[in-house]
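protein.txt (compact mmCIF, C-alpha atoms) appears below.
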# COMPACT_ATOMS: atom_id res chain seq x y z
CA MET U 150 103.65 56.95 139.21
CA ILE U 151 103.52 59.62 141.87
CA PHE U 152 105.99 60.28 144.66
CA LEU U 153 104.43 59.45 148.02
CA ALA U 154 107.09 59.72 150.72
CA LYS U 155 110.63 58.94 151.69
CA ALA U 156 110.69 55.55 153.40
CA ALA U 157 112.98 56.84 156.11
CA GLU U 158 110.31 59.30 157.18
CA ILE U 159 108.08 56.46 158.28
CA PRO U 160 109.86 54.08 160.65
CA ASP U 161 108.57 50.56 161.16
CA GLY U 162 105.38 50.70 163.20
CA ALA U 163 104.53 54.23 162.07
CA ARG U 164 101.90 55.53 159.68
CA LYS U 165 101.27 58.72 157.77
CA LEU U 166 98.36 60.37 156.01
CA ILE U 167 99.36 61.81 152.64
CA GLN U 168 97.32 63.74 150.08
CA VAL U 169 97.83 62.57 146.50
CA ASN U 170 95.84 64.19 143.70
CA GLY U 171 93.07 65.06 146.13
CA ILE U 172 92.93 61.55 147.57
CA SER U 173 93.82 60.84 151.21
CA VAL U 174 96.21 57.91 151.28
CA ALA U 175 96.87 56.08 154.55
CA LEU U 176 100.45 54.79 154.45
CA PHE U 177 101.38 52.09 156.99
CA HIS U 178 104.85 50.68 157.67
CA HIS U 179 104.33 47.37 159.37
CA GLU U 180 107.01 44.74 160.01
CA GLY U 181 109.25 45.92 157.21
CA ARG U 182 106.57 46.32 154.59
CA PHE U 183 104.71 49.40 153.38
CA TYR U 184 100.98 49.44 152.62
CA ALA U 185 98.93 52.22 151.01
CA LEU U 186 95.16 52.34 151.34
CA ASN U 187 92.53 54.91 150.58
CA ASN U 188 91.99 56.51 153.97
CA ALA U 189 88.19 56.52 153.68
CA CYS U 190 86.55 53.34 154.91
CA PRO U 191 84.02 52.27 152.25
CA HIS U 192 81.40 51.76 154.95
CA ARG U 193 80.92 55.34 156.16
CA GLN U 194 84.21 57.04 155.32
CA GLY U 195 85.87 56.51 158.70
CA PRO U 196 89.61 57.37 158.74
CA LEU U 197 91.60 54.15 158.40
CA ILE U 198 94.76 56.03 159.38
CA ARG U 199 93.39 55.98 162.95
CA GLY U 200 92.60 52.27 162.81
CA VAL U 201 94.02 49.54 165.01
CA LEU U 202 96.26 46.94 163.35
CA GLU U 203 95.01 43.43 164.01
CA SER U 204 95.22 39.87 162.80
CA TRP U 205 92.61 37.64 161.27
CA GLY U 206 91.98 35.09 163.99
CA GLU U 207 95.20 33.55 165.24
CA GLY U 208 97.27 34.66 162.25
CA PRO U 209 99.85 37.43 162.03
CA VAL U 210 98.86 41.10 162.29
CA CYS U 211 98.03 42.11 158.74
CA ALA U 212 94.76 44.04 158.86
CA VAL U 213 93.46 47.45 159.91
CA ARG U 214 90.18 47.98 161.74
CA CYS U 215 88.25 51.19 161.01
CA PRO U 216 87.88 53.12 164.27
CA MET U 217 84.33 54.24 163.50
CA HIS U 218 82.21 51.11 163.02
CA GLY U 219 84.69 48.26 163.07
CA TRP U 220 85.06 47.11 159.49
CA LYS U 221 88.41 45.37 159.04
CA PHE U 222 90.56 45.20 155.92
CA ASP U 223 93.58 43.22 154.83
CA LEU U 224 96.44 45.70 154.52
CA ALA U 225 97.80 44.14 151.36
CA THR U 226 94.60 43.43 149.45
CA GLY U 227 91.87 45.58 151.07
CA ASP U 228 89.74 42.45 151.47
CA SER U 229 87.07 42.97 154.13
CA HIS U 230 86.37 39.25 154.59
CA GLY U 231 82.65 39.37 153.97
CA ARG U 232 81.60 42.99 154.37
CA PRO U 233 79.73 44.48 151.39
CA GLU U 234 82.75 46.44 150.15
CA ASN U 235 86.53 46.25 150.29
CA ALA U 236 89.05 49.01 150.96
CA THR U 237 90.96 50.47 148.05
CA VAL U 238 94.65 49.60 148.11
CA TYR U 239 97.25 51.23 145.88
CA PRO U 240 100.30 49.51 144.40
CA LEU U 241 103.52 50.86 145.92
CA ILE U 242 106.86 51.00 144.20
CA ARG U 243 110.03 51.53 146.17
CA GLN U 244 113.02 53.05 144.46
CA ASN U 245 115.91 53.28 146.89
CA ASP U 246 114.52 55.34 149.77
CA GLU U 247 111.56 56.71 147.87
CA LEU U 248 108.03 55.35 147.78
CA TYR U 249 105.86 55.88 144.70
CA ILE U 250 102.22 55.12 144.26
CA GLU U 251 100.01 54.28 141.31
CA ILE U 252 96.62 55.97 141.52
CA MET K 272 78.29 71.92 186.42
CA SER K 273 81.08 74.26 185.43
CA ILE K 274 80.31 74.50 181.68
CA ARG K 275 78.16 77.61 181.56
CA MET K 276 75.22 77.91 179.23
CA ASP K 277 76.23 81.43 178.27
CA GLN K 278 79.41 79.86 176.85
CA ILE K 279 77.59 77.13 174.99
CA GLN K 280 74.67 79.02 173.51
CA PRO K 281 76.79 81.19 171.18
CA ILE K 282 78.55 78.03 169.95
CA ILE K 283 75.18 76.39 169.28
CA ASP K 284 74.05 79.47 167.37
CA ARG K 285 77.23 79.67 165.29
CA GLU K 286 77.31 75.96 164.52
CA TYR K 287 73.65 75.98 163.52
CA ASP K 288 74.35 78.86 161.14
CA TYR K 289 77.31 76.93 159.73
CA PHE K 290 75.25 73.76 159.37
CA MET K 291 72.54 75.62 157.50
CA SER K 292 75.11 77.33 155.30
CA GLU K 293 76.09 73.83 154.15
CA HIS K 294 72.49 72.97 153.34
CA PRO K 295 73.09 72.08 149.67
CA HIS K 296 75.59 69.42 150.78
CA TRP K 297 73.25 67.50 153.04
CA SER K 298 69.69 68.12 151.90
CA LEU K 299 67.65 66.54 149.14
CA LYS K 300 66.15 69.98 148.50
CA THR K 301 67.77 73.18 147.40
CA THR K 302 65.90 75.46 149.78
CA PRO K 303 65.54 74.92 153.52
CA GLN K 304 61.78 74.58 153.94
CA HIS K 305 60.94 71.98 156.52
CA LEU K 306 57.85 70.36 155.04
CA SER K 307 59.26 70.08 151.55
CA GLU K 308 62.44 68.51 152.94
CA TYR K 309 60.43 65.87 154.77
CA LEU K 310 58.28 65.20 151.73
CA ALA K 311 61.40 64.81 149.59
CA LEU K 312 62.48 62.08 151.98
CA VAL K 313 59.06 60.45 151.68
CA ASP K 314 59.45 60.51 147.90
CA CYS K 315 62.58 58.34 148.22
CA GLN K 316 60.86 55.63 150.23
CA HIS K 317 60.79 52.22 148.54
CA ALA K 318 57.66 50.15 148.03
CA ASP K 319 58.73 47.81 150.86
CA GLY K 320 58.70 50.77 153.28
CA GLY K 321 62.47 51.13 153.53
CA TRP K 322 65.14 53.49 152.25
CA GLY K 323 68.55 52.88 150.69
CA LYS K 324 71.81 54.59 151.57
CA MET K 325 71.51 56.91 148.59
CA SER K 326 68.26 58.07 147.06
CA SER K 327 69.33 56.23 143.90
CA ASN K 328 69.82 52.87 145.70
CA LYS K 329 67.08 50.37 144.95
CA GLU K 330 67.65 48.10 147.93
CA SER K 331 66.41 49.03 151.41
CA ALA K 332 68.75 48.98 154.39
CA ALA K 333 67.46 48.67 157.94
CA TRP K 334 69.81 51.27 159.39
CA VAL K 335 68.98 53.92 156.80
CA THR K 336 65.31 53.14 157.15
CA ALA K 337 65.52 53.56 160.92
CA PHE K 338 67.23 56.95 160.62
CA CYS K 339 64.74 58.16 158.01
CA SER K 340 61.74 56.92 159.95
CA LEU K 341 62.98 58.47 163.19
CA MET K 342 63.33 61.77 161.41
CA LEU K 343 59.85 61.49 159.96
CA ILE K 344 58.10 60.50 163.15
CA ARG K 345 59.79 63.25 165.16
CA GLY K 346 59.21 65.84 162.46
CA ASN K 347 55.59 64.91 162.10
CA LEU K 348 54.98 65.68 165.76
CA SER K 349 54.84 69.27 164.62
CA LEU K 350 54.20 68.97 160.87
CA GLN K 351 51.20 66.63 161.15
CA HIS K 352 51.22 65.80 157.45
CA PRO K 353 49.19 62.78 156.22
CA ARG K 354 51.84 61.65 153.69
CA ILE K 355 54.47 61.58 156.41
CA GLY K 356 52.12 59.61 158.65
CA GLU K 357 51.57 57.06 155.87
CA ALA K 358 55.33 56.79 155.29
CA VAL K 359 55.83 56.01 158.98
CA ARG K 360 53.18 53.27 158.79
CA LYS K 361 55.01 51.75 155.81
CA CYS K 362 58.25 51.79 157.85
CA VAL K 363 56.49 49.92 160.62
CA ARG K 364 55.46 47.21 158.17
CA TYR K 365 59.03 47.04 156.82
CA PHE K 366 60.49 46.41 160.25
CA LEU K 367 57.79 43.95 161.31
CA GLU K 368 58.35 41.94 158.13
CA THR K 369 62.15 41.90 158.24
CA GLN K 370 62.72 40.90 161.87
CA LYS K 371 64.28 37.46 162.31
CA GLU K 372 62.84 34.73 164.50
CA ASP K 373 65.37 35.34 167.29
CA GLY K 374 64.45 39.03 167.50
CA LYS K 375 67.30 40.55 165.52
CA TRP K 376 67.47 42.38 162.23
CA SER K 377 70.39 41.55 159.94
CA ASP K 378 72.64 43.78 157.91
CA PRO K 379 76.09 42.71 156.68
CA SER K 380 77.27 46.31 157.11
CA TRP K 381 76.73 46.25 160.84
CA ALA K 382 77.15 44.06 163.88
CA ASP K 383 73.91 42.30 164.83
CA LEU K 384 73.65 44.49 167.93
CA ASP K 385 73.86 47.61 165.76
CA ALA K 386 71.38 46.20 163.28
CA VAL K 387 68.93 45.55 166.12
CA SER K 388 69.47 48.89 167.81
CA HIS K 389 68.41 50.89 164.75
CA PRO K 390 64.81 49.61 164.47
CA ILE K 391 64.55 49.47 168.26
CA SER K 392 65.31 53.21 168.37
CA PHE K 393 62.47 53.78 165.92
CA PHE K 394 60.09 51.55 167.86
CA ASP K 395 61.08 53.34 171.10
CA VAL K 396 59.83 56.61 169.68
CA LEU K 397 56.84 55.05 167.94
CA LEU K 398 55.66 53.46 171.18
CA ALA K 399 56.12 56.74 173.01
CA VAL K 400 54.44 59.09 170.59
CA GLY K 401 52.92 57.03 167.79
CA LYS K 402 49.45 56.24 169.11
CA ARG K 403 47.93 58.69 166.68
CA LEU K 404 49.82 57.14 163.78
CA VAL K 405 49.12 53.41 164.01
CA ASP K 406 46.07 51.46 165.11
CA GLU K 407 45.92 49.40 168.29
CA PRO K 408 46.50 45.97 166.68
CA THR K 409 49.58 47.29 164.87
CA LEU K 410 50.84 48.91 168.03
CA ALA K 411 50.47 45.55 169.81
CA LYS K 412 52.53 43.88 167.07
CA VAL K 413 55.15 46.61 167.38
CA LYS K 414 55.35 46.07 171.10
CA ASP K 415 55.85 42.31 170.66
CA SER K 416 58.53 42.89 168.02
CA TRP K 417 60.19 45.56 170.14
CA ARG K 418 60.19 43.27 173.19
CA LYS K 419 61.85 40.47 171.16
CA GLY K 420 64.48 42.89 169.86
CA MET K 421 65.10 44.27 173.32
CA LYS K 422 65.54 40.78 174.68
CA PHE K 423 68.03 39.97 171.91
CA MET K 424 70.06 43.01 173.00
CA LEU K 425 69.80 42.54 176.73
CA ASP K 426 70.70 38.83 176.60
CA ARG K 427 74.02 39.80 175.05
CA GLN K 428 75.21 42.24 177.69
CA ALA K 429 78.53 41.13 179.20
CA ALA K 430 78.98 40.68 182.93
CA ASP K 431 81.01 43.91 183.13
CA GLY K 432 78.06 45.94 181.82
CA GLY K 433 79.37 46.45 178.28
CA TRP K 434 78.18 45.07 174.99
CA TYR K 435 80.81 43.73 172.60
CA ASP K 436 81.11 42.23 169.17
CA PRO K 437 84.44 40.61 168.35
CA GLU K 438 84.08 41.37 164.65
CA PHE K 439 82.90 44.98 164.85
CA HIS K 440 83.20 46.33 168.38
CA PRO K 441 86.00 44.77 170.41
CA THR K 442 86.22 47.78 172.75
CA GLY K 443 82.44 47.86 173.13
CA VAL K 444 82.32 51.60 173.77
CA GLU K 445 80.13 52.80 170.94
CA ILE K 446 77.72 49.89 170.99
CA THR K 447 77.32 50.15 174.77
CA ALA K 448 76.56 53.86 174.47
CA HIS K 449 73.91 53.13 171.84
CA LEU K 450 72.29 50.23 173.64
CA ILE K 451 71.89 51.87 177.03
CA GLN K 452 70.11 54.72 175.30
CA ASP K 453 67.83 52.34 173.42
CA SER K 454 67.21 50.14 176.45
CA ILE K 455 66.35 52.80 178.98
CA VAL K 456 63.09 53.44 177.19
CA ALA K 457 61.95 49.97 178.22
CA ASP K 458 62.26 51.14 181.80
CA LEU K 459 59.87 53.96 180.99
CA LEU K 460 57.44 51.90 178.94
CA LEU K 461 57.58 48.41 180.42
CA GLY K 462 57.85 49.22 184.09
CA ASN K 463 61.18 47.46 184.37
CA GLU K 464 59.68 44.18 183.13
CA LEU K 465 63.02 43.31 181.50
CA ASN K 466 65.18 44.59 184.34
CA VAL K 467 66.64 47.19 182.03
CA ALA K 468 67.28 49.71 184.76
CA GLU K 469 70.01 47.53 186.21
CA CYS K 470 71.39 46.72 182.73
CA CYS K 471 71.58 50.42 181.89
CA ARG K 472 73.11 51.32 185.23
CA LYS K 473 75.83 48.72 184.64
CA GLY K 474 76.31 50.00 181.10
CA VAL K 475 76.77 53.57 182.32
CA ARG K 476 79.29 52.46 184.93
CA LYS K 477 81.18 50.49 182.28
CA LEU K 478 81.44 53.62 180.14
CA LEU K 479 82.52 55.74 183.11
CA SER K 480 85.25 53.19 183.85
CA VAL K 481 86.80 53.47 180.38
CA GLN K 482 86.73 57.25 179.96
CA ALA K 483 90.25 58.55 179.30
CA ALA K 484 91.91 61.03 181.62
CA ASP K 485 91.44 63.78 179.02
CA GLY K 486 87.65 63.21 178.99
CA SER K 487 87.43 61.36 175.66
CA TRP K 488 86.40 57.80 174.87
CA ASP K 489 87.72 55.14 172.51
CA GLY K 490 91.11 56.54 171.54
CA GLU K 491 90.11 60.20 171.14
CA ASN K 492 87.20 59.27 168.92
CA VAL K 493 85.02 62.38 168.64
CA ASP K 494 81.98 60.44 167.42
CA HIS K 495 82.14 57.88 170.20
CA THR K 496 82.80 60.54 172.85
CA MET K 497 79.71 62.41 171.68
CA ASP K 498 77.74 59.14 171.77
CA CYS K 499 78.90 58.41 175.31
CA CYS K 500 78.07 61.89 176.59
CA ARG K 501 74.64 61.91 175.02
CA SER K 502 73.69 58.44 176.22
CA ILE K 503 74.99 58.93 179.73
CA MET K 504 73.09 62.22 180.01
CA LEU K 505 69.85 60.49 179.08
CA VAL K 506 70.28 57.36 181.17
CA CYS K 507 71.61 59.02 184.28
CA SER K 508 68.74 61.52 184.18
CA VAL K 509 66.20 58.72 184.09
CA LEU K 510 67.96 56.56 186.69
CA ASN K 511 68.88 59.36 189.10
CA MET K 512 72.61 58.78 188.63
CA ARG K 513 73.59 62.38 188.07
CA PRO K 514 75.92 62.71 191.07
CA GLU K 515 78.19 59.94 189.80
CA CYS K 516 77.96 61.02 186.13
CA ASP K 517 78.02 64.82 186.16
CA ARG K 518 81.78 65.20 186.21
CA ALA K 519 82.34 62.60 183.47
CA ILE K 520 79.78 64.31 181.22
CA GLU K 521 81.35 67.67 181.85
CA ARG K 522 84.85 66.36 181.10
CA GLY K 523 83.56 64.72 177.93
CA LEU K 524 81.93 67.93 176.77
CA GLU K 525 84.97 70.00 177.63
CA TRP K 526 87.04 67.66 175.46
CA ILE K 527 84.47 67.85 172.65
CA LEU K 528 84.56 71.64 172.77
CA GLN K 529 88.36 71.56 172.60
CA GLN K 530 88.22 69.52 169.38
CA LYS K 531 85.92 71.92 167.56
CA CYS K 532 87.34 73.32 164.34
CA GLU K 533 86.57 76.87 163.29
CA HIS K 534 83.32 75.41 161.97
CA GLY K 535 82.10 71.99 162.97
CA TRP K 536 83.82 68.92 164.33
CA PRO K 537 86.12 66.26 162.87
CA ASP K 538 86.12 62.49 163.46
CA PHE K 539 89.42 62.74 165.36
CA PRO K 540 91.47 65.65 166.73
CA GLY K 541 93.29 67.55 164.04
CA MET K 542 91.24 66.22 161.16
CA GLU K 543 88.93 68.20 158.91
CA THR K 544 85.37 69.02 159.85
CA ASN K 545 82.67 66.79 158.45
CA LEU K 546 78.96 67.46 158.42
CA GLU K 547 77.86 64.29 160.19
CA ARG K 548 80.12 64.98 163.14
CA THR K 549 79.07 68.62 163.15
CA CYS K 550 75.46 67.54 163.41
CA ASP K 551 76.39 65.22 166.29
CA GLY K 552 78.28 68.02 168.03
CA LEU K 553 75.36 70.38 167.73
CA ASP K 554 73.06 67.65 169.00
CA ALA K 555 75.35 66.94 171.98
CA LEU K 556 75.36 70.60 172.99
CA LEU K 557 71.59 70.90 172.62
CA LYS K 558 71.11 67.81 174.74
CA TYR K 559 73.47 69.19 177.33
CA LYS K 560 71.32 72.29 177.35
CA ALA K 561 68.27 70.11 178.11
CA TYR K 562 70.28 68.10 180.65
CA SER K 563 71.10 71.31 182.48
CA GLN K 564 67.41 72.12 182.95
CA PRO K 565 65.98 71.49 186.40
CA VAL K 566 63.06 69.47 184.97
CA ALA K 567 64.24 65.91 184.32
CA THR K 568 61.61 65.21 181.66
CA ALA K 569 63.01 67.95 179.43
CA ILE K 570 65.80 65.66 178.31
CA VAL K 571 63.42 62.79 177.63
CA LYS K 572 61.25 65.05 175.51
CA LEU K 573 64.22 66.29 173.58
CA TRP K 574 65.10 62.74 172.58
CA GLY K 575 61.54 62.39 171.26
CA TYR K 576 60.65 59.82 173.90
CA ALA K 577 57.68 61.81 175.11
CA ALA K 578 55.07 63.91 173.38
What is this structure when it is put down as structure tokens?
Amino acid sequence: MIFLAKAAEIPDGARKLIQVNGISVALFHHEGRFYALNNACPHRQGPLIRGVLESWGEGPVCAVRCPMHGWKFDLATGDSHGRPENATVYPLIRQNDELYIEI
Amino acid sequence: MSIRMDQIQPIIDREYDYFMSEHPHWSLKTTPQHLSEYLALVDCQHADGGWGKMSSNKESAAWVTAFCSLMLIRGNLSLQHPRIGEAVRKCVRYFLETQKEDGKWSDPSWADLDAVSHPISFFDVLLAVGKRLVDEPTLAKVKDSWRKGMKFMLDRQAADGGWYDPEFHPTGVEITAHLIQDSIVADLLLGNELNVAECCRKGVRKLLSVQAADGSWDGENVDHTMDCCRSIMLVCSVLNMRPECDRAIERGLEWILQQKCEHGWPDFPGMETNLERTCDGLDALLKYKAYSQPVATAIVKLWGYAA
């Protein structure tokens, strides 16, 4: 378990790119919940940290769209809904104000 | 134009040196010798005429095949090597055999419009310079296939001049930049049979309308800003739209130059350089150099659309 960030550093609606053991982790704080994904889109390594948050259809906003070629991933699961690969998501553990990640 | 060539040329020279210094990270060969690099690419071609994303991938992908084949056909303009010529002919067969009935090519990694634009780019160049490479009956088949693909693209242009895909390209910027560049060749080759001049003019104006105040496109996306600049330069040269495009191109390039790292370009401002974007940046500056020439055909030749 590796320390990622203090939750207070990332207010709701914000995001932050953090290096962990040589891996770029895109940390999103969206509607009270934190999500950690590998920043590199599995399509062509576009930076998910610069992606737009969107919904699937009419549902709630819960996905991020890669800004390079448009692949979209569920924030919680990394599911790409039919693209050849999914994004890598990392389990997050919150202890008080501190966020830890399992890589 | 206020961007002076004596400012740009040293950047081109430095970036080229940097790009070549990274040779082991992007080439299949260890030493930079042009013919052997092209032949190494030929060696990776699959039996069906395509290439995979990595040389170790067994399955062919249309987009990789289009990029490889474009490189081969352009390179062979000067190399004139029989193995490269044969590889290009195998690519032609691959694309003819994998086109769908409605004119598209399919690839789950890309929007249909992207998947179509890749082989169309290859066919554009083949039709322009490939008469020595394929026989007349094959060239006729290519032209039919190309026309079907072009029609698939053109039929999907929105009324505002952009192309969109709700799943991949909601803003439409990148795909519009690609498709106007691919389509304009039909104006040169088909004598405006498909009314592409008007489609491309509308596409350019759509892109001009969504350029940000700082000169960038698509949320400070370096890749998409380079795409827009390059495509607008080509299309406005062919369609005599320079007066309405010059300032936008210049602002785009000024922004691109501002985003340059010590070496190369990143995907977004403040990020690390990557080689693909560096190659695009170098290409954008070289095309601007051609665009700045008084002879309009220089830019068309640089794209490989004329011998």
Please, which residues in region 201-241 of chain U fall within 10 Å of region 159-178 of chain U when counting only C-alpha atoms, and what is the closest atom pair and distance in Å to one decimal for each, ordered by chain then residue number, as JSON lines?
{"residue": "U:Leu202", "atom": "CA", "partner": "U:Phe177", "partner_atom": "CA", "distance": 9.7}
{"residue": "U:Val213", "atom": "CA", "partner": "U:Phe177", "partner_atom": "CA", "distance": 9.6}
{"residue": "U:Leu224", "atom": "CA", "partner": "U:Phe177", "partner_atom": "CA", "distance": 8.4}
{"residue": "U:Thr237", "atom": "CA", "partner": "U:Val174", "partner_atom": "CA", "distance": 9.7}
{"residue": "U:Val238", "atom": "CA", "partner": "U:Val174", "partner_atom": "CA", "distance": 9.0}
{"residue": "U:Tyr239", "atom": "CA", "partner": "U:Val174", "partner_atom": "CA", "distance": 8.7}
{"residue": "U:Leu241", "atom": "CA", "partner": "U:Leu176", "partner_atom": "CA", "distance": 9.9}
I need every residue sitting at most 10 Å from the point (89.6, 57.3, 155.7) (coordinates as in the file, only C-alpha atoms considered), written as a CSV table (one decimal) with C-alpha atoms, keeping the file's coordinate frame.
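Below is the file selection-v9.csv, written as the result:
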chain,number,residue,atom,x,y,z
U,166,LEU,CA,98.4,60.4,156.0
U,172,ILE,CA,92.9,61.6,147.6
U,173,SER,CA,93.8,60.8,151.2
U,174,VAL,CA,96.2,57.9,151.3
U,175,ALA,CA,96.9,56.1,154.6
U,186,LEU,CA,95.2,52.3,151.3
U,187,ASN,CA,92.5,54.9,150.6
U,188,ASN,CA,92.0,56.5,154.0
U,189,ALA,CA,88.2,56.5,153.7
U,190,CYS,CA,86.6,53.3,154.9
U,191,PRO,CA,84.0,52.3,152.2
U,192,HIS,CA,81.4,51.8,155.0
U,193,ARG,CA,80.9,55.3,156.2
U,194,GLN,CA,84.2,57.0,155.3
U,195,GLY,CA,85.9,56.5,158.7
U,196,PRO,CA,89.6,57.4,158.7
U,197,LEU,CA,91.6,54.2,158.4
U,198,ILE,CA,94.8,56.0,159.4
U,199,ARG,CA,93.4,56.0,163.0
U,200,GLY,CA,92.6,52.3,162.8
U,215,CYS,CA,88.2,51.2,161.0
U,216,PRO,CA,87.9,53.1,164.3
U,217,MET,CA,84.3,54.2,163.5
U,236,ALA,CA,89.0,49.0,151.0
K,538,ASP,CA,86.1,62.5,163.5
Would you mind listing, for every residue of chain K within 8 Å of chain U, the two atoms forming the shortest contact and the distance between them in Å to one decimal, using all atoms listed in the file, sorted by chain and ascending residue number, as a tab-separated table?
residue	atom	partner	partner_atom	distance
K:Pro379	CA	U:Arg232	CA	6.0
K:Ser380	CA	U:Arg232	CA	6.1
K:Trp381	CA	U:His218	CA	7.6
K:Glu438	CA	U:Gly219	CA	7.1
K:Phe439	CA	U:Gly219	CA	4.1
K:His440	CA	U:Gly219	CA	5.8
K:Asn492	CA	U:Pro216	CA	7.7
K:Asp494	CA	U:Met217	CA	7.7
K:His495	CA	U:Met217	CA	7.9
K:Asp538	CA	U:Gly195	CA	7.6
From the options K:Arg427, K:Lys375, K:Arg275, K:Arg522, which residue's atoms come nearest to Leu479 (chain K), counting all atoms listed in the file?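 Closest to Leu479 (chain K) of all the choices is K:Arg522.
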As an exercise, work out the distance from CA of Leu343 (chain K) to CA of Val313 (chain K) in Å and give it to one decimal place.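 Atom-to-atom, CA of Leu343 (chain K) and CA of Val313 (chain K) are spaced 8.4 Å apart.
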Could you check which of U:Gly227, U:Gly206, U:Asn245, U:Cys211 is closest to Arg182 (chain U), using all atoms listed in the file?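 Closest to Arg182 (chain U), using all atoms listed in the file: U:Cys211.
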I need the residue nearest Leu299 (chain K) from this list: K:Thr442, K:Ser416, K:Ser327, K:Asn545. Use all atoms listed in the file for the distance. K:Ser327
Which residues, written as number ranges by chain, have at least one atom at most 12 Å from Lys477 (chain K), with all atoms listed in the file counted and residues fewer than 5 positions away on the same chain left out? K: 428-435, 442-448, 451, 470-472, 482, 488, 499, 503, 516
Identify, on the basis of all atoms listed in the file, every residue whose closest approach to Glu368 (chain K) does not exceed 12 Å; exclude the query and any residue fewer than 4 positions from it along the same chain; express the result as a count of residues only. 16
In terms of the shortest atom-to-atom distance over all atoms listed in the file, which of U:Glu251, U:Glu158, U:Asp246, U:Asp223 is closest to Val201 (chain U)?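 Under the stated criterion, the closest residue is U:Asp223.
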Report, in Å to a single decimal, how far apart CA of Thr544 (chain K) and CA of Trp526 (chain K) are. 15.8 Å
With a distance cut-off of 12 Å and all atoms listed in the file, select the neighbouring residues of region 530-532 of chain K, excluding the residue or stretch itself and same-chain residues fewer than 2 positions from it, and output the selection as number ranges by chain. K: 282-283, 285-286, 289, 485-487, 491-494, 496-497, 523-528, 534-546, 548-549, 551-553, 556
Give me the residues near Ala386 (chain K) as number ranges by chain, where near means some atom within 7 Å (using only C-alpha atoms) and where sequence neighbours in that chain fewer than 3 positions away do not count. K: 334, 376-378, 381-383, 389
Which residues are close to Phe152 (chain U), i.e. within 8 Å by all atoms listed in the file, leaving aside same-chain residues fewer than 2 positions away? Reply as a count of residues only. 6
